[in-house]
Amino acid sequence: DVTPGFIGAAQALVGPTLIKWGTDAQKERYVRPLLRGDEVWCQLFSEPGAGSDFAGLSSRGVRDGDEWIVNGQKVWNTLAHLGHWGMLVTRTNPDLPKHSGLTYFALDMRDPGVEVRPLRQITGEAEFNEVFLTDVVIPDTDRLGDVNNGWLVAMTTLANERVSIGNSDAEVEQTMVD
């Protein structure tokens with residue numbers, strides 16, 4: 001199940017990223033449903049071959065007019081099986097240095113070619129997932145930031161993740177003191 005804590009965490013990561021990097025149309029489309037908790041977001045950054053080297057990702061986005069065709073695999077995606085939207089970073093120019101050549105997208109998790117496979121834990125629960133992207137068509141209007149500038153957009157998301165985690169640790173520590 002999607003908990004209020006998960007929705008709050010997604011709001012803390014996605015909201016500031018949309019506000020900083022999104023177009024006016026994207027802010028209009030995504031921010032209100034995010035804040036109401038009407039749409040669940042997941043993070044699609046990690047890949048099996050990249051390990052902790054986020055910039056080493058190999059999923060590919062190839063521009064085709066006003067659309068992008070995306071292929072690849074993501075892993076350890078929390079609650080992706082319940083997600084309506086995913087924050088997706090993919091390599092769009094393999095000829096640039098690895099921290100360049102990345103582009104950030106809002107991905108509709110219900111699009112054709114998006115396959116979510118739960119990773120079952122020993123408890124039987126499956127909060128983490130693998131996500132396979134096969135010829136997924138993403139409109140360029142769902143790109144956040146400039147083409148090949150996804151590293152900077154992702155750093156906004158990750159910086160807010162760190163702040164969010166730090167704040168929740170501080171709340172836990174304060175509760176333990178009280």
# chains A, B, ... in the order shown; residues from 1 in each chain; ligands from 1

$ select_by_dssp --residues "region 1-122 of chain A" --states "alpha helix (DSSP H)" --output "ChimeraX atom specification"
/A:4-21,24-36

$ residues_around --residues "Asn129 (chain A)" --least-positions-apart "5" --cutoff "8 Å" --atoms "only C-alpha atoms" --output "number ranges by chain"
A: 75-81, 116-119

$ write_last_selection --atoms "all heavy atoms" --output "PDB file, in the first residue's frame"
ATOM      1  N   VAL A  75      16.205  -0.572 -11.575  1.00  0.00           N
ATOM      2  CA  VAL A  75      16.050  -1.547 -10.495  1.00  0.00           C
ATOM      3  C   VAL A  75      16.023  -0.825  -9.147  1.00  0.00           C
ATOM      4  O   VAL A  75      16.507   0.297  -9.026  1.00  0.00           O
ATOM      5  CB  VAL A  75      17.182  -2.609 -10.554  1.00  0.00           C
ATOM      6  CG1 VAL A  75      18.524  -2.024 -10.168  1.00  0.00           C
ATOM      7  CG2 VAL A  75      16.840  -3.829  -9.727  1.00  0.00           C
ATOM      8  N   TRP A  76      15.456  -1.504  -8.145  1.00  0.00           N
ATOM      9  CA  TRP A  76      15.308  -0.996  -6.773  1.00  0.00           C
ATOM     10  C   TRP A  76      14.396   0.224  -6.735  1.00  0.00           C
ATOM     11  O   TRP A  76      14.653   1.182  -6.039  1.00  0.00           O
ATOM     12  CB  TRP A  76      16.660  -0.702  -6.104  1.00  0.00           C
ATOM     13  CG  TRP A  76      17.577  -1.875  -6.129  1.00  0.00           C
ATOM     14  CD1 TRP A  76      18.796  -1.946  -6.724  1.00  0.00           C
ATOM     15  CD2 TRP A  76      17.324  -3.167  -5.572  1.00  0.00           C
ATOM     16  NE1 TRP A  76      19.316  -3.201  -6.569  1.00  0.00           N
ATOM     17  CE2 TRP A  76      18.436  -3.975  -5.863  1.00  0.00           C
ATOM     18  CE3 TRP A  76      16.271  -3.726  -4.857  1.00  0.00           C
ATOM     19  CZ2 TRP A  76      18.530  -5.308  -5.461  1.00  0.00           C
ATOM     20  CZ3 TRP A  76      16.345  -5.051  -4.465  1.00  0.00           C
ATOM     21  CH2 TRP A  76      17.470  -5.824  -4.768  1.00  0.00           C
ATOM     22  N   ASN A  77      13.329   0.162  -7.516  1.00  0.00           N
ATOM     23  CA  ASN A  77      12.385   1.260  -7.612  1.00  0.00           C
ATOM     24  C   ASN A  77      11.268   1.060  -6.597  1.00  0.00           C
ATOM     25  O   ASN A  77      10.406   0.208  -6.779  1.00  0.00           O
ATOM     26  CB  ASN A  77      11.821   1.353  -9.032  1.00  0.00           C
ATOM     27  CG  ASN A  77      12.919   1.255 -10.068  1.00  0.00           C
ATOM     28  OD1 ASN A  77      12.969   0.312 -10.826  1.00  0.00           O
ATOM     29  ND2 ASN A  77      13.834   2.200 -10.054  1.00  0.00           N
ATOM     30  N   THR A  78      11.294   1.860  -5.550  1.00  0.00           N
ATOM     31  CA  THR A  78      10.324   1.730  -4.470  1.00  0.00           C
ATOM     32  C   THR A  78       8.916   2.041  -4.974  1.00  0.00           C
ATOM     33  O   THR A  78       8.664   3.103  -5.535  1.00  0.00           O
ATOM     34  CB  THR A  78      10.682   2.668  -3.303  1.00  0.00           C
ATOM     35  OG1 THR A  78      12.021   2.391  -2.896  1.00  0.00           O
ATOM     36  CG2 THR A  78       9.744   2.477  -2.132  1.00  0.00           C
ATOM     37  N   LEU A  79       8.018   1.093  -4.754  1.00  0.00           N
ATOM     38  CA  LEU A  79       6.591   1.183  -5.081  1.00  0.00           C
ATOM     39  C   LEU A  79       6.296   1.538  -6.538  1.00  0.00           C
ATOM     40  O   LEU A  79       5.250   2.091  -6.846  1.00  0.00           O
ATOM     41  CB  LEU A  79       5.883   2.161  -4.130  1.00  0.00           C
ATOM     42  CG  LEU A  79       5.895   1.761  -2.642  1.00  0.00           C
ATOM     43  CD1 LEU A  79       5.080   2.744  -1.824  1.00  0.00           C
ATOM     44  CD2 LEU A  79       5.386   0.343  -2.418  1.00  0.00           C
ATOM     45  N   ALA A  80       7.190   1.191  -7.442  1.00  0.00           N
ATOM     46  CA  ALA A  80       6.937   1.452  -8.867  1.00  0.00           C
ATOM     47  C   ALA A  80       5.687   0.717  -9.346  1.00  0.00           C
ATOM     48  O   ALA A  80       5.008   1.189 -10.261  1.00  0.00           O
ATOM     49  CB  ALA A  80       8.146   1.049  -9.704  1.00  0.00           C
ATOM     50  N   HIS A  81       5.364  -0.401  -8.717  1.00  0.00           N
ATOM     51  CA  HIS A  81       4.177  -1.165  -9.122  1.00  0.00           C
ATOM     52  C   HIS A  81       2.882  -0.410  -8.800  1.00  0.00           C
ATOM     53  O   HIS A  81       1.824  -0.748  -9.311  1.00  0.00           O
ATOM     54  CB  HIS A  81       4.183  -2.548  -8.482  1.00  0.00           C
ATOM     55  CG  HIS A  81       4.154  -2.550  -6.990  1.00  0.00           C
ATOM     56  ND1 HIS A  81       5.216  -2.098  -6.225  1.00  0.00           N
ATOM     57  CD2 HIS A  81       3.201  -2.940  -6.124  1.00  0.00           C
ATOM     58  CE1 HIS A  81       4.916  -2.217  -4.949  1.00  0.00           C
ATOM     59  NE2 HIS A  81       3.706  -2.712  -4.861  1.00  0.00           N
ATOM     60  N   VAL A 116       6.645  -3.468 -15.081  1.00  0.00           N
ATOM     61  CA  VAL A 116       7.111  -3.440 -13.697  1.00  0.00           C
ATOM     62  C   VAL A 116       7.066  -4.858 -13.141  1.00  0.00           C
ATOM     63  O   VAL A 116       6.024  -5.516 -13.203  1.00  0.00           O
ATOM     64  CB  VAL A 116       6.236  -2.498 -12.837  1.00  0.00           C
ATOM     65  CG1 VAL A 116       6.718  -2.481 -11.397  1.00  0.00           C
ATOM     66  CG2 VAL A 116       6.221  -1.100 -13.425  1.00  0.00           C
ATOM     67  N   ARG A 117       8.199  -5.310 -12.626  1.00  0.00           N
ATOM     68  CA  ARG A 117       8.292  -6.644 -12.023  1.00  0.00           C
ATOM     69  C   ARG A 117       8.704  -6.504 -10.562  1.00  0.00           C
ATOM     70  O   ARG A 117       9.810  -6.027 -10.267  1.00  0.00           O
ATOM     71  CB  ARG A 117       9.325  -7.499 -12.740  1.00  0.00           C
ATOM     72  CG  ARG A 117       8.981  -7.817 -14.173  1.00  0.00           C
ATOM     73  CD  ARG A 117      10.034  -8.725 -14.770  1.00  0.00           C
ATOM     74  NE  ARG A 117       9.956  -8.764 -16.216  1.00  0.00           N
ATOM     75  CZ  ARG A 117      10.891  -9.250 -17.002  1.00  0.00           C
ATOM     76  NH1 ARG A 117      12.014  -9.740 -16.466  1.00  0.00           N
ATOM     77  NH2 ARG A 117      10.747  -9.248 -18.302  1.00  0.00           N
ATOM     78  N   PRO A 118       7.840  -6.914  -9.650  1.00  0.00           N
ATOM     79  CA  PRO A 118       8.180  -6.814  -8.223  1.00  0.00           C
ATOM     80  C   PRO A 118       9.367  -7.706  -7.859  1.00  0.00           C
ATOM     81  O   PRO A 118       9.554  -8.784  -8.423  1.00  0.00           O
ATOM     82  CB  PRO A 118       6.919  -7.309  -7.521  1.00  0.00           C
ATOM     83  CG  PRO A 118       5.825  -7.208  -8.540  1.00  0.00           C
ATOM     84  CD  PRO A 118       6.486  -7.390  -9.872  1.00  0.00           C
ATOM     85  N   LEU A 119      10.185  -7.225  -6.937  1.00  0.00           N
ATOM     86  CA  LEU A 119      11.274  -8.005  -6.353  1.00  0.00           C
ATOM     87  C   LEU A 119      10.800  -8.461  -4.977  1.00  0.00           C
ATOM     88  O   LEU A 119      10.724  -7.662  -4.042  1.00  0.00           O
ATOM     89  CB  LEU A 119      12.542  -7.149  -6.233  1.00  0.00           C
ATOM     90  CG  LEU A 119      13.144  -6.664  -7.552  1.00  0.00           C
ATOM     91  CD1 LEU A 119      14.234  -5.633  -7.298  1.00  0.00           C
ATOM     92  CD2 LEU A 119      13.688  -7.835  -8.337  1.00  0.00           C
TER      93      LEU A 119
END

$ residues_around --residues "Gln26 (chain A)" --least-positions-apart "5" --cutoff "8 Å" --atoms "only C-alpha atoms" --output "ChimeraX atom specification"
/A:18,31,141-142

$ residues_around --residues "Ser58 (chain A)" --least-positions-apart "3" --cutoff "10 Å" --atoms "only C-alpha atoms" --output "JSON, numbers by chain"
{"A": [47, 48, 49, 50, 54, 55, 61, 71, 72, 73, 74, 89, 90, 91, 92, 94, 98, 102]}

$ write_last_selection --atoms "N, CA and C atoms" --output "short mmCIF file (atom, residue, chain, number, x, y, z; two decimals), in the first residue's frame"
data_model
loop_
_atom_site.label_atom_id
_atom_site.label_comp_id
_atom_site.auth_asym_id
_atom_site.auth_seq_id
_atom_site.Cartn_x
_atom_site.Cartn_y
_atom_site.Cartn_z
N GLU A 47 20.31 1.43 -12.00
CA GLU A 47 20.33 0.40 -13.03
C GLU A 47 21.22 -0.76 -12.58
N PRO A 48 20.91 -1.98 -13.04
CA PRO A 48 21.68 -3.14 -12.61
C PRO A 48 23.16 -3.06 -12.93
N GLY A 49 23.55 -2.52 -14.07
CA GLY A 49 24.96 -2.49 -14.46
C GLY A 49 25.73 -1.30 -13.93
N ALA A 50 25.03 -0.33 -13.33
CA ALA A 50 25.71 0.89 -12.90
C ALA A 50 26.08 0.88 -11.42
N PHE A 54 25.64 6.40 -10.52
CA PHE A 54 24.43 6.89 -11.18
C PHE A 54 24.71 7.41 -12.58
N ALA A 55 25.81 8.10 -12.77
CA ALA A 55 26.13 8.65 -14.09
C ALA A 55 26.52 7.56 -15.09
N GLY A 61 17.67 6.95 -24.47
CA GLY A 61 16.57 7.70 -25.03
C GLY A 61 17.03 8.27 -26.36
N ASN A 71 14.63 2.79 -24.13
CA ASN A 71 14.85 1.37 -23.85
C ASN A 71 15.85 1.23 -22.72
N GLY A 72 15.60 0.27 -21.83
CA GLY A 72 16.54 0.03 -20.74
C GLY A 72 15.87 -0.65 -19.57
N GLN A 73 16.61 -0.71 -18.47
CA GLN A 73 16.12 -1.36 -17.26
C GLN A 73 16.53 -0.54 -16.06
N LYS A 74 15.61 -0.42 -15.12
CA LYS A 74 15.86 0.24 -13.84
C LYS A 74 15.61 -0.79 -12.74
N VAL A 89 15.66 9.11 -15.56
CA VAL A 89 16.86 9.67 -16.18
C VAL A 89 17.41 8.62 -17.13
N THR A 90 17.71 9.05 -18.35
CA THR A 90 18.21 8.13 -19.36
C THR A 90 19.32 8.81 -20.17
N ARG A 91 20.18 8.01 -20.74
CA ARG A 91 21.28 8.53 -21.55
C ARG A 91 20.73 8.90 -22.93
N THR A 92 20.94 10.16 -23.31
CA THR A 92 20.45 10.63 -24.60
C THR A 92 21.59 11.00 -25.56
N PRO A 94 25.43 9.29 -25.93
CA PRO A 94 26.52 8.47 -25.42
C PRO A 94 27.91 9.01 -25.79
N LYS A 98 30.12 11.08 -19.22
CA LYS A 98 28.98 10.39 -18.61
C LYS A 98 28.08 11.28 -17.75
N LEU A 102 22.80 13.05 -20.28
CA LEU A 102 21.66 12.46 -19.58
C LEU A 102 20.48 13.42 -19.66
#
